[in-house]
file structure_31.txt (compact mmCIF, C-alpha atoms)
# COMPACT_ATOMS: atom_id res chain seq x y z
CA MET A 1 -128.73 -87.96 35.13
CA TYR A 2 -126.39 -90.98 35.28
CA LEU A 3 -123.34 -88.74 35.74
CA LYS A 4 -125.08 -86.80 38.49
CA SER A 5 -126.01 -90.01 40.31
CA LEU A 6 -122.48 -91.33 39.98
CA LEU A 7 -121.00 -88.12 41.40
CA THR A 8 -123.48 -88.26 44.27
CA LEU A 9 -122.45 -91.86 44.99
CA PHE A 10 -118.75 -90.97 44.90
CA CYS A 11 -119.32 -88.03 47.24
CA ALA A 12 -121.27 -90.19 49.66
CA PHE A 13 -118.53 -92.86 49.54
CA GLY A 14 -115.88 -90.23 50.10
CA LEU A 15 -117.74 -88.86 53.09
CA SER A 16 -118.09 -92.34 54.58
CA ILE A 17 -114.36 -92.97 54.17
CA SER A 18 -113.58 -89.59 55.69
CA SER A 19 -115.92 -90.36 58.57
CA LEU A 20 -114.24 -93.72 59.17
CA GLU A 21 -110.80 -92.13 59.11
CA SER A 22 -111.85 -89.43 61.53
CA LYS A 23 -113.05 -92.15 63.92
CA ALA A 24 -109.80 -94.11 63.82
CA GLU A 25 -108.94 -95.02 67.38
CA ILE A 26 -107.29 -97.60 69.60
CA LEU A 27 -108.57 -97.47 73.16
CA ALA A 28 -106.45 -98.47 76.11
CA MET A 29 -107.38 -99.01 79.74
CA MET A 30 -104.90 -97.94 82.39
CA ASN A 31 -105.20 -97.98 86.15
CA TYR A 32 -103.32 -95.03 87.58
CA GLU A 33 -102.29 -93.43 90.85
CA SER A 34 -100.88 -90.08 91.94
CA LYS A 35 -97.16 -89.58 91.63
CA THR A 36 -95.28 -89.03 94.89
CA LEU A 37 -94.71 -85.45 96.06
CA ASP A 38 -91.00 -85.69 95.24
CA GLN A 39 -91.82 -86.80 91.71
CA LEU A 40 -94.32 -83.97 91.30
CA LYS A 41 -91.70 -81.46 92.35
CA SER A 42 -89.17 -82.86 89.87
CA LEU A 43 -91.78 -82.42 87.13
CA LYS A 44 -92.49 -78.90 88.42
CA LEU A 45 -96.10 -79.84 89.13
CA SER A 46 -97.87 -78.76 92.29
CA GLY A 47 -100.28 -81.68 92.33
CA GLU A 48 -102.82 -82.53 95.01
CA GLU A 49 -101.90 -83.69 98.47
CA THR A 50 -104.90 -86.05 98.42
CA ARG A 51 -103.86 -89.34 96.87
CA ARG A 52 -105.81 -90.33 93.76
CA GLU A 53 -106.47 -93.64 92.01
CA GLY A 54 -108.60 -94.50 89.02
CA ILE A 55 -109.00 -96.28 85.70
CA ALA A 56 -108.70 -94.21 82.54
CA ILE A 57 -109.81 -95.10 79.02
CA ILE A 58 -107.52 -93.24 76.60
CA ASP A 59 -107.18 -93.13 72.83
CA VAL A 60 -103.60 -94.25 72.09
CA ASP A 61 -103.85 -94.52 68.29
CA PRO A 62 -100.89 -92.45 67.05
CA ASN A 63 -102.86 -91.55 63.91
CA SER A 64 -105.98 -90.43 65.73
CA PRO A 65 -106.83 -86.72 66.12
CA ALA A 66 -107.93 -87.67 69.66
CA PHE A 67 -104.54 -89.25 70.53
CA GLY A 68 -103.95 -88.95 74.27
CA GLN A 69 -107.48 -87.86 75.13
CA ILE A 70 -109.16 -89.39 78.19
CA LEU A 71 -112.55 -90.67 77.03
CA SER A 72 -113.61 -92.10 80.37
CA ASP A 73 -112.25 -91.78 83.91
CA ILE A 74 -113.42 -94.16 86.63
CA PRO A 75 -112.43 -93.05 90.14
CA MET A 76 -111.33 -95.87 92.46
CA SER A 77 -110.65 -96.00 96.18
CA PRO A 78 -107.22 -94.49 96.93
CA ASP A 79 -106.72 -97.18 99.58
CA ASN A 80 -106.58 -100.12 97.16
CA ILE A 81 -103.27 -99.49 95.37
CA LEU A 82 -104.59 -101.22 92.28
CA HIS A 83 -101.72 -102.99 90.57
CA HIS A 84 -102.24 -105.05 87.40
CA ILE A 85 -105.16 -105.62 84.99
CA PHE A 86 -105.72 -109.08 83.46
CA TYR A 87 -108.36 -110.30 81.00
CA ASP A 88 -109.87 -113.75 81.19
CA ARG A 89 -109.45 -115.63 77.92
CA SER A 90 -112.87 -114.55 76.63
CA MET A 91 -112.00 -110.90 77.36
CA THR A 92 -115.45 -110.46 78.88
CA LYS A 93 -114.02 -109.75 82.32
CA ALA A 94 -111.02 -107.78 83.55
CA TYR A 95 -109.47 -108.69 86.90
CA ILE A 96 -107.60 -106.00 88.83
CA ALA A 97 -105.27 -107.01 91.65
CA SER A 98 -104.75 -104.86 94.73
CA LEU A 99 -101.54 -104.47 96.71
CA ALA A 100 -103.24 -103.05 99.79
CA GLU A 101 -106.55 -104.90 100.11
CA PRO A 102 -107.28 -108.67 100.23
CA SER A 103 -109.60 -108.43 97.24
CA LEU A 104 -109.95 -108.59 93.48
CA GLN A 105 -111.86 -106.02 91.45
CA VAL A 106 -113.69 -107.63 88.51
CA MET A 107 -114.92 -105.47 85.63
CA ASP A 108 -117.69 -106.71 83.33
CA MET A 109 -116.50 -105.71 79.84
CA ARG A 110 -119.85 -106.58 78.22
CA LYS A 111 -121.69 -103.67 79.78
CA ASN A 112 -121.31 -99.98 79.07
CA PRO A 113 -120.62 -98.27 81.35
CA PHE A 114 -118.49 -101.04 82.82
CA ARG A 115 -119.68 -102.66 86.04
CA ILE A 116 -117.16 -103.46 88.78
CA LYS A 117 -117.62 -105.96 91.60
CA THR A 118 -115.30 -106.93 94.44
CA ILE A 119 -114.23 -110.46 95.31
CA ASP A 120 -113.04 -110.89 98.88
CA VAL A 121 -109.84 -112.92 99.04
CA LYS A 122 -109.13 -113.02 102.76
CA GLY A 123 -105.61 -114.13 103.54
CA CYS A 124 -104.10 -112.62 100.39
CA SER A 125 -101.54 -109.89 100.98
CA PHE A 126 -99.85 -107.92 98.19
CA ALA A 127 -101.76 -109.46 95.28
CA GLU A 128 -99.77 -109.57 92.05
CA ASP A 129 -100.82 -111.63 89.02
CA VAL A 130 -104.10 -113.19 87.90
CA ILE A 131 -103.50 -116.05 85.46
CA PHE A 132 -106.03 -118.28 83.67
CA ASP A 133 -105.76 -121.90 82.58
CA GLU A 134 -106.02 -122.80 78.90
CA ALA A 135 -109.70 -123.78 79.15
CA ASN A 136 -110.55 -120.51 80.95
CA GLU A 137 -112.07 -122.50 83.81
CA ASN A 138 -109.88 -121.41 86.73
CA TRP A 139 -108.06 -118.24 87.69
CA TYR A 140 -105.00 -118.15 89.94
CA LEU A 141 -104.14 -115.15 92.12
CA THR A 142 -100.58 -114.87 93.45
CA CYS A 143 -100.08 -113.17 96.82
CA MET A 144 -96.46 -112.14 97.27
CA ASP A 145 -96.44 -111.13 100.93
CA SER A 146 -98.64 -113.91 102.33
CA ALA A 147 -96.88 -116.77 100.50
CA ASN A 148 -99.96 -118.27 98.88
CA VAL A 149 -101.95 -118.62 95.68
CA PHE A 150 -105.73 -118.53 95.54
CA VAL A 151 -107.71 -120.43 92.91
CA GLY A 152 -111.14 -119.35 91.70
CA LYS A 153 -113.75 -120.30 89.11
CA VAL A 154 -113.95 -117.95 86.13
CA ALA A 155 -117.66 -118.62 85.60
CA THR A 156 -118.71 -117.74 89.15
CA ASP A 157 -115.60 -116.11 90.67
CA GLU A 158 -116.00 -118.44 93.64
CA VAL A 159 -112.69 -119.06 95.46
CA ILE A 160 -112.21 -122.83 95.51
CA ALA A 161 -108.70 -123.38 96.88
CA GLU A 162 -105.71 -121.85 98.62
CA ILE A 163 -102.23 -123.10 97.80
CA LYS A 164 -99.79 -122.37 100.61
CA LEU A 165 -96.16 -121.85 99.63
CA PRO A 166 -94.39 -120.96 102.88
CA GLY A 167 -91.02 -119.28 102.65
CA THR A 168 -91.65 -117.97 99.13
CA TYR A 169 -92.84 -114.73 97.51
CA PRO A 170 -95.34 -115.78 94.79
CA HIS A 171 -95.58 -113.35 91.88
CA GLY A 172 -95.65 -114.84 88.36
CA LEU A 173 -97.53 -118.04 87.51
CA GLY A 174 -97.78 -120.25 84.44
CA VAL A 175 -100.19 -123.15 83.86
CA HIS A 176 -99.71 -126.01 81.40
CA THR A 177 -102.48 -128.58 81.86
CA GLY A 178 -101.05 -130.71 79.04
CA ILE A 179 -98.22 -131.77 81.34
CA ASP A 180 -100.20 -131.18 84.55
CA ARG A 181 -97.84 -128.52 85.86
CA ILE A 182 -97.93 -125.04 87.38
CA ILE A 183 -94.84 -122.86 87.79
CA VAL A 184 -94.84 -120.10 90.42
CA THR A 185 -92.01 -117.59 90.74
CA SER A 186 -90.66 -116.58 94.15
CA THR A 187 -89.65 -112.95 93.72
CA VAL A 188 -89.07 -110.67 96.69
CA SER A 189 -90.62 -109.56 99.97
CA ALA A 190 -93.07 -106.66 99.75
CA ASP A 191 -90.44 -104.24 101.13
CA LEU A 192 -88.09 -105.33 98.29
CA LYS A 193 -85.37 -106.20 100.80
CA THR A 194 -85.33 -110.02 100.58
CA PRO A 195 -85.18 -111.24 96.97
CA ASP A 196 -85.37 -114.96 96.19
CA ASP A 197 -84.03 -116.97 93.24
CA VAL A 198 -86.32 -119.99 92.77
CA VAL A 199 -89.51 -121.09 91.07
CA THR A 200 -91.87 -123.62 92.65
CA ILE A 201 -93.26 -126.50 90.57
CA LEU A 202 -96.79 -127.73 91.34
CA LYS A 203 -98.99 -130.51 90.02
CA ALA A 204 -101.84 -128.66 88.30
CA SER A 205 -104.55 -131.24 89.02
CA THR A 206 -103.91 -131.52 92.75
CA PHE A 207 -101.86 -128.37 93.63
CA GLU A 208 -99.24 -130.65 95.18
CA VAL A 209 -95.82 -129.03 95.55
CA LEU A 210 -93.29 -131.11 93.59
CA GLY A 211 -90.14 -129.09 94.20
CA GLN A 212 -88.19 -125.96 93.29
CA LYS A 213 -85.73 -124.87 90.62
CA LYS A 214 -83.01 -122.33 91.25
CA LEU A 215 -82.67 -119.83 88.40
CA SER A 216 -79.18 -118.47 88.88
CA LEU A 217 -75.64 -119.36 87.86
CA LYS A 218 -74.33 -118.00 91.16
CA LYS A 219 -73.60 -120.16 94.18
CA GLY A 220 -75.59 -119.56 97.32
CA GLN A 221 -78.48 -117.12 97.57
CA SER A 222 -78.24 -114.88 94.51
CA GLY A 223 -81.26 -112.63 95.01
CA GLU A 224 -81.97 -112.51 91.27
CA ALA A 225 -85.74 -112.41 91.89
CA PRO A 226 -87.59 -114.47 89.23
CA VAL A 227 -90.69 -112.38 88.54
CA GLU A 228 -92.77 -113.43 85.50
CA VAL A 229 -93.27 -116.79 83.80
CA LEU A 230 -94.88 -117.48 80.43
CA PHE A 231 -95.17 -120.68 78.41
CA VAL A 232 -94.25 -120.54 74.72
CA PRO A 233 -97.56 -120.93 72.84
CA ASP A 234 -98.09 -124.24 71.00
CA ALA A 235 -94.50 -125.41 71.51
CA LYS A 236 -93.95 -129.11 70.68
CA THR A 237 -91.80 -129.42 73.78
CA PRO A 238 -93.26 -127.29 76.58
CA ILE A 239 -90.94 -124.37 77.37
CA ALA A 240 -91.55 -121.63 79.92
CA TYR A 241 -89.63 -118.37 79.94
CA VAL A 242 -88.89 -116.65 83.25
CA THR A 243 -87.58 -113.11 83.72
CA ASN A 244 -85.19 -112.53 86.62
CA MET A 245 -86.00 -109.01 87.79
CA PHE A 246 -82.86 -108.14 89.76
CA GLY A 247 -80.65 -110.57 87.87
CA ALA A 248 -81.67 -108.96 84.54
CA THR A 249 -81.67 -112.34 82.82
CA LEU A 250 -84.07 -114.46 80.81
CA TRP A 251 -84.33 -118.15 81.71
CA ALA A 252 -85.95 -121.05 79.88
CA LEU A 253 -87.46 -124.08 81.60
CA SER A 254 -87.67 -126.95 79.10
CA TRP A 255 -89.87 -129.96 79.83
CA ASP A 256 -88.12 -133.33 79.88
CA ALA A 257 -90.82 -135.97 79.34
CA ALA A 258 -88.59 -138.85 80.49
CA LEU A 259 -87.76 -137.13 83.77
CA GLU A 260 -91.21 -135.52 84.05
CA ASP A 261 -89.42 -132.40 85.16
CA PHE A 262 -88.15 -129.05 83.90
CA VAL A 263 -84.55 -128.41 82.94
CA PRO A 264 -83.50 -124.77 83.52
CA LYS A 265 -81.17 -122.81 81.25
CA GLN A 266 -80.14 -119.16 81.18
CA ALA A 267 -81.27 -118.00 77.74
CA PHE A 268 -80.22 -114.33 77.67
CA ASN A 269 -78.36 -111.81 79.82
CA PHE A 270 -79.66 -108.23 79.62
CA ASN A 271 -76.66 -107.01 81.61
CA ASP A 272 -74.67 -107.29 78.38
CA LEU A 273 -76.90 -104.51 77.02
CA LYS A 274 -76.60 -102.48 80.23
CA ALA A 275 -80.32 -103.05 80.72
CA GLY A 276 -81.66 -103.89 84.18
CA ILE A 277 -84.91 -104.92 85.92
CA ALA A 278 -86.29 -107.54 83.53
CA LEU A 279 -90.07 -107.61 83.77
CA GLU A 280 -92.88 -108.55 81.36
CA MET A 281 -92.99 -110.94 78.40
CA TYR A 282 -95.30 -111.26 75.39
CA PHE A 283 -95.48 -113.27 72.15
CA ASN A 284 -96.83 -112.49 68.71
CA GLN A 285 -99.71 -114.61 67.42
CA LYS A 286 -97.45 -116.67 65.15
CA GLY A 287 -95.29 -117.57 68.14
CA ASP A 288 -91.95 -116.73 66.54
CA ARG A 289 -91.35 -113.43 68.35
CA LEU A 290 -90.79 -112.81 72.05
CA TYR A 291 -91.07 -109.31 73.51
CA VAL A 292 -89.48 -108.44 76.87
CA THR A 293 -89.44 -105.18 78.84
CA THR A 294 -86.62 -104.01 81.10
CA GLY A 295 -87.24 -101.09 83.44
CA VAL A 296 -83.81 -99.46 83.78
CA PRO A 297 -83.19 -97.31 81.83
CA GLY A 298 -86.28 -98.60 79.96
CA HIS A 299 -86.30 -100.84 76.86
CA PHE A 300 -88.58 -102.99 74.72
CA HIS A 301 -86.64 -105.99 73.39
CA ILE A 302 -87.63 -108.04 70.33
CA PHE A 303 -86.38 -111.64 70.02
CA ASP A 304 -86.64 -114.17 67.20
CA ILE A 305 -87.41 -117.58 68.75
CA SER A 306 -88.36 -119.39 65.53
CA ALA A 307 -85.15 -121.42 65.19
CA ASP A 308 -84.48 -122.34 68.81
CA PRO A 309 -86.55 -121.01 71.73
CA LEU A 310 -83.79 -122.06 74.13
CA ASN A 311 -81.45 -119.63 72.38
CA PRO A 312 -83.53 -116.56 71.50
CA LYS A 313 -81.93 -114.23 68.96
CA LEU A 314 -82.09 -110.54 69.83
CA LEU A 315 -83.35 -108.53 66.87
CA LYS A 316 -83.61 -105.09 68.43
CA SER A 317 -83.68 -103.25 71.76
CA ILE A 318 -85.83 -100.14 71.54
CA PRO A 319 -85.36 -97.38 74.17
CA THR A 320 -88.65 -96.33 75.80
CA ALA A 321 -88.62 -94.52 79.17
CA GLU A 322 -87.70 -95.39 82.73
CA GLY A 323 -89.82 -98.12 84.25
CA ALA A 324 -90.82 -99.88 80.99
CA HIS A 325 -93.27 -102.46 82.26
CA HIS A 326 -96.57 -103.71 80.81
CA VAL A 327 -97.36 -103.70 77.09
CA GLY A 328 -100.59 -103.54 75.14
CA ILE A 329 -100.33 -105.07 71.66
CA SER A 330 -102.86 -104.18 68.98
CA LYS A 331 -104.89 -107.01 67.45
CA ASP A 332 -103.29 -106.47 64.03
CA GLU A 333 -99.87 -106.52 65.78
CA LYS A 334 -98.91 -103.21 64.21
CA TYR A 335 -98.35 -101.37 67.48
CA ALA A 336 -97.00 -102.05 70.96
CA PHE A 337 -97.89 -99.60 73.74
CA VAL A 338 -95.35 -99.68 76.57
CA GLN A 339 -96.45 -98.40 79.98
CA ASN A 340 -93.46 -96.82 81.72
CA SER A 341 -93.79 -97.13 85.48
CA LEU A 342 -93.04 -99.68 88.19
CA LEU A 343 -94.64 -99.12 91.60
CA ASN A 344 -93.94 -95.37 91.51
CA LEU A 345 -90.33 -96.23 92.40
CA PRO A 346 -87.62 -93.57 91.93
CA GLY A 347 -85.92 -93.99 88.56
CA MET A 348 -88.71 -96.28 87.35
CA SER A 349 -91.82 -94.10 87.24
CA ASP A 350 -91.73 -91.95 84.12
CA GLY A 351 -95.50 -92.19 83.70
CA SER A 352 -95.62 -92.08 79.90
CA VAL A 353 -96.76 -94.62 77.31
CA THR A 354 -94.34 -95.28 74.43
CA VAL A 355 -95.95 -96.17 71.10
CA ILE A 356 -93.83 -98.57 69.02
CA ASP A 357 -94.44 -99.50 65.39
CA LEU A 358 -93.72 -103.24 65.43
CA GLU A 359 -93.38 -103.47 61.66
CA ARG A 360 -90.71 -100.76 61.51
CA GLN A 361 -89.38 -101.56 65.00
CA LYS A 362 -89.21 -97.92 66.04
CA VAL A 363 -90.84 -95.48 68.45
CA VAL A 364 -93.45 -93.32 66.73
CA LYS A 365 -94.98 -91.37 69.64
CA SER A 366 -95.16 -90.85 73.39
CA MET A 367 -98.44 -90.45 75.25
CA ASP A 368 -97.88 -88.18 78.27
CA THR A 369 -101.48 -87.46 79.31
CA LEU A 370 -101.30 -89.06 82.75
CA LYS A 371 -97.72 -87.97 83.35
CA ASP A 372 -98.59 -84.33 82.63
CA ALA A 373 -101.46 -84.57 85.12
CA GLY A 374 -99.15 -85.76 87.91
CA LEU A 375 -100.35 -89.37 87.59
CA THR A 376 -98.61 -92.60 86.72
CA PRO A 377 -100.14 -95.68 85.02
CA ASN A 378 -99.54 -98.98 86.81
CA SER A 379 -100.58 -101.20 83.91
CA ILE A 380 -102.07 -101.07 80.43
CA VAL A 381 -104.38 -103.29 78.36
CA LEU A 382 -106.20 -102.42 75.16
CA LEU A 383 -109.97 -102.73 75.20
CA PRO A 384 -111.08 -106.13 73.81
CA GLU A 385 -111.94 -104.79 70.35
CA TRP A 386 -108.29 -103.82 69.81
CA ASN A 387 -106.40 -106.21 72.09
CA SER A 388 -104.04 -109.06 71.26
CA PHE A 389 -103.40 -111.45 74.14
CA GLY A 390 -99.68 -111.56 73.52
CA GLY A 391 -99.52 -115.18 74.62
CA HIS A 392 -101.08 -114.57 78.03

call {"tool": "encode", "arguments": {"input": "structure_31.txt", "output": "structure tokens"}}
result
Amino acid sequence: MYLKSLLTLFCAFGLSISSLESKAEILAMMNYESKTLDQLKSLKLSGEETRREGIAIIDVDPNSPAFGQILSDIPMSPDNILHHIFYDRSMTKAYIASLAEPSLQVMDMRKNPFRIKTIDVKGCSFAEDVIFDEANENWYLTCMDSANVFVGKVATDEVIAEIKLPGTYPHGLGVHTGIDRIIVTSTVSADLKTPDDVVTILKASTFEVLGQKKLSLKKGQSGEAPVEVLFVPDAKTPIAYVTNMFGATLWALSWDAALEDFVPKQAFNFNDLKAGIALEMYFNQKGDRLYVTTGVPGHFHIFDISADPLNPKLLKSIPTAEGAHHVGISKDEKYAFVQNSLLNLPGMSDGSVTVIDLERQKVVKSMDTLKDAGLTPNSIVLLPEWNSFGGH
């Protein structure tokens, strides 16, 4: 009788393990749009002439039998041109910026199915990034074509301020309330014809403009287009990294407490690797690794910043696909999921997701579900259960 009971227990345990393994999954959320007709032809896809936008929930776990399957598909208005998805720091809400409409879509992540509401942000044109302060009290929306930044309350989503930055193209934004500073990148006009090369420094408590910093070694207008900015987490001396999109360089802005100002320094040149279009940045939870994407021909770069953040040491550049852009990092930091597409631009709109094993520093799979359907993802985040903030 004892042996029979023990065998029954083992069988039940084995079934439970098998059941858990069969349910292994990592779910990602991607907003997508139709590829252009020229891109569809190059992929030998007929496609639909009606433009399509939506948000897809897809299993991206490379070990899952459901890898690449769309588990949920939320149609969105094809007139929005939804751009980037950003979580607030509690990961209870996802904010989705729109390039075409003066609005923010806000998704309630606590309800299933997800609920989406619209925040009107009149006066915002070509919305880019939504960034949150450390206390998760305020959000900041950069508007690249209208030269302004809107500030809202996370709790209520009430818009409380507009910061006007005439003559600039606001895109990336970093907040450090410990030193009472905000950094806003000035990138490029919406038609991509007039790139800038400065960041604007603001006083965080009052939104007063304190000045600008040029991020280029060239004389005159360089057009290097600073695009994203991210503060190094928990650094003793505040340091913000900035990617120069067209310059293909990484810059560091180090805080000088005596001057109460930032000192800029070029920290890395991706041109030496024949890698162009520097874009997104992420950190690991320990804060000793920096990850950077470059879109042409498409790479995911891993830096060691433990010894000296002002001189990051390149550990490896991993080829992905054209348009390497946003990255979802799993909570256990085992995988990075690189979304390969930038604005559906020629040469930067592969449409795949590259799965990278961060421990082995190698590509393990490619997820082509949207690409094969004639669609391209514009950003990627993992659902909160699986998501690491990556320093954002």

call {"tool": "atom_distance", "arguments": {"input": "structure_31.txt", "atom1": "atom CA of Gln221 of chain A", "atom2": "atom CA of Pro195 of chain A"}}
result
8.9 Å

call {"tool": "atom_distance", "arguments": {"input": "structure_31.txt", "atom1": "atom CA of Val292 of chain A", "atom2": "atom CA of Ala324 of chain A"}}
result
9.6 Å

call {"tool": "residues_around", "arguments": {"input": "structure_31.txt", "residues": "Gly247 of chain A", "least_positions_apart": "6", "cutoff": "10 Å", "atoms": "only C-alpha atoms", "output": "ChimeraX atom specification"}}
result
/A:197,215-216,222-226,269-271,276-278

call {"tool": "write_last_selection", "arguments": {"input": "structure_31.txt", "atoms": "C-alpha atoms", "output": "mmCIF file, in the frame of the given file"}}
result
data_model
loop_
_atom_site.group_PDB
_atom_site.id
_atom_site.type_symbol
_atom_site.label_atom_id
_atom_site.label_comp_id
_atom_site.auth_asym_id
_atom_site.auth_seq_id
_atom_site.Cartn_x
_atom_site.Cartn_y
_atom_site.Cartn_z
ATOM 1 C CA ASP A 197 -84.030 -116.970 93.240
ATOM 2 C CA LEU A 215 -82.670 -119.830 88.400
ATOM 3 C CA SER A 216 -79.180 -118.470 88.880
ATOM 4 C CA SER A 222 -78.240 -114.880 94.510
ATOM 5 C CA GLY A 223 -81.260 -112.630 95.010
ATOM 6 C CA GLU A 224 -81.970 -112.510 91.270
ATOM 7 C CA ALA A 225 -85.740 -112.410 91.890
ATOM 8 C CA PRO A 226 -87.590 -114.470 89.230
ATOM 9 C CA ASN A 269 -78.360 -111.810 79.820
ATOM 10 C CA PHE A 270 -79.660 -108.230 79.620
ATOM 11 C CA ASN A 271 -76.660 -107.010 81.610
ATOM 12 C CA GLY A 276 -81.660 -103.890 84.180
ATOM 13 C CA ILE A 277 -84.910 -104.920 85.920
ATOM 14 C CA ALA A 278 -86.290 -107.540 83.530
#

call {"tool": "axis_aligned_box", "arguments": {"input": "structure_31.txt", "around": "segment 172-187 of chain A", "padding_each_side": "4 Å", "output": "lines of an AutoDock Vina configuration file"}}
result
center_x = -96.1
center_y = -122.4
center_z = 86.6
size_x = 20.8
size_y = 26.8
size_z = 23.1

call {"tool": "residues_around", "arguments": {"input": "structure_31.txt", "residues": "Pro62 of chain A", "least_positions_apart": "2", "cutoff": "10 Å", "atoms": "all atoms listed in the file", "output": "NGL selection string"}}
result
:A and (24-26 or 59-60 or 64-68 or 335 or 355-357 or 364-367)

call {"tool": "residues_around", "arguments": {"input": "structure_31.txt", "residues": "Phe303 of chain A", "least_positions_apart": "3", "cutoff": "7 Å", "atoms": "only C-alpha atoms", "output": "short mmCIF file (atom, residue, chain, number, x, y, z; two decimals) with C-alpha atoms, in the frame of the given file"}}
result
data_model
loop_
_atom_site.label_atom_id
_atom_site.label_comp_id
_atom_site.auth_asym_id
_atom_site.auth_seq_id
_atom_site.Cartn_x
_atom_site.Cartn_y
_atom_site.Cartn_z
CA ARG A 289 -91.35 -113.43 68.35
CA LEU A 290 -90.79 -112.81 72.05
CA TYR A 291 -91.07 -109.31 73.51
CA PRO A 312 -83.53 -116.56 71.50
CA LYS A 313 -81.93 -114.23 68.96
CA LEU A 314 -82.09 -110.54 69.83
CA LEU A 315 -83.35 -108.53 66.87
#

call {"tool": "closest_residue", "arguments": {"input": "structure_31.txt", "among": "A:Tyr95, A:Phe283, A:Tyr241, A:Phe231", "to": "Pro264 of chain A", "atoms": "all atoms listed in the file"}}
result
A:Tyr241

call {"tool": "residues_around", "arguments": {"input": "structure_31.txt", "residues": "segment 84-90 of chain A", "least_positions_apart": "2", "cutoff": "9 Å", "atoms": "all atoms listed in the file", "output": "JSON list (two decimals) with C-alpha atoms, in the frame of the given file"}}
result
[["chain", "number", "residue", "atom", "x", "y", "z"],
["A", 29, "MET", "CA", -107.38, -99.01, 79.74],
["A", 30, "MET", "CA", -104.90, -97.94, 82.39],
["A", 31, "ASN", "CA", -105.20, -97.98, 86.15],
["A", 82, "LEU", "CA", -104.59, -101.22, 92.28],
["A", 92, "THR", "CA", -115.45, -110.46, 78.88],
["A", 93, "LYS", "CA", -114.02, -109.75, 82.32],
["A", 94, "ALA", "CA", -111.02, -107.78, 83.55],
["A", 95, "TYR", "CA", -109.47, -108.69, 86.90],
["A", 96, "ILE", "CA", -107.60, -106.00, 88.83],
["A", 97, "ALA", "CA", -105.27, -107.01, 91.65],
["A", 98, "SER", "CA", -104.75, -104.86, 94.73],
["A", 128, "GLU", "CA", -99.77, -109.57, 92.05],
["A", 129, "ASP", "CA", -100.82, -111.63, 89.02],
["A", 130, "VAL", "CA", -104.10, -113.19, 87.90],
["A", 131, "ILE", "CA", -103.50, -116.05, 85.46],
["A", 132, "PHE", "CA", -106.03, -118.28, 83.67],
["A", 133, "ASP", "CA", -105.76, -121.90, 82.58],
["A", 134, "GLU", "CA", -106.02, -122.80, 78.90],
["A", 135, "ALA", "CA", -109.70, -123.78, 79.15],
["A", 136, "ASN", "CA", -110.55, -120.51, 80.95],
["A", 139, "TRP", "CA", -108.06, -118.24, 87.69],
["A", 154, "VAL", "CA", -113.95, -117.95, 86.13],
["A", 326, "HIS", "CA", -96.57, -103.71, 80.81],
["A", 378, "ASN", "CA", -99.54, -98.98, 86.81],
["A", 379, "SER", "CA", -100.58, -101.20, 83.91],
["A", 380, "ILE", "CA", -102.07, -101.07, 80.43],
["A", 381, "VAL", "CA", -104.38, -103.29, 78.36],
["A", 384, "PRO", "CA", -111.08, -106.13, 73.81],
["A", 389, "PHE", "CA", -103.40, -111.45, 74.14],
["A", 392, "HIS", "CA", -101.08, -114.57, 78.03]]
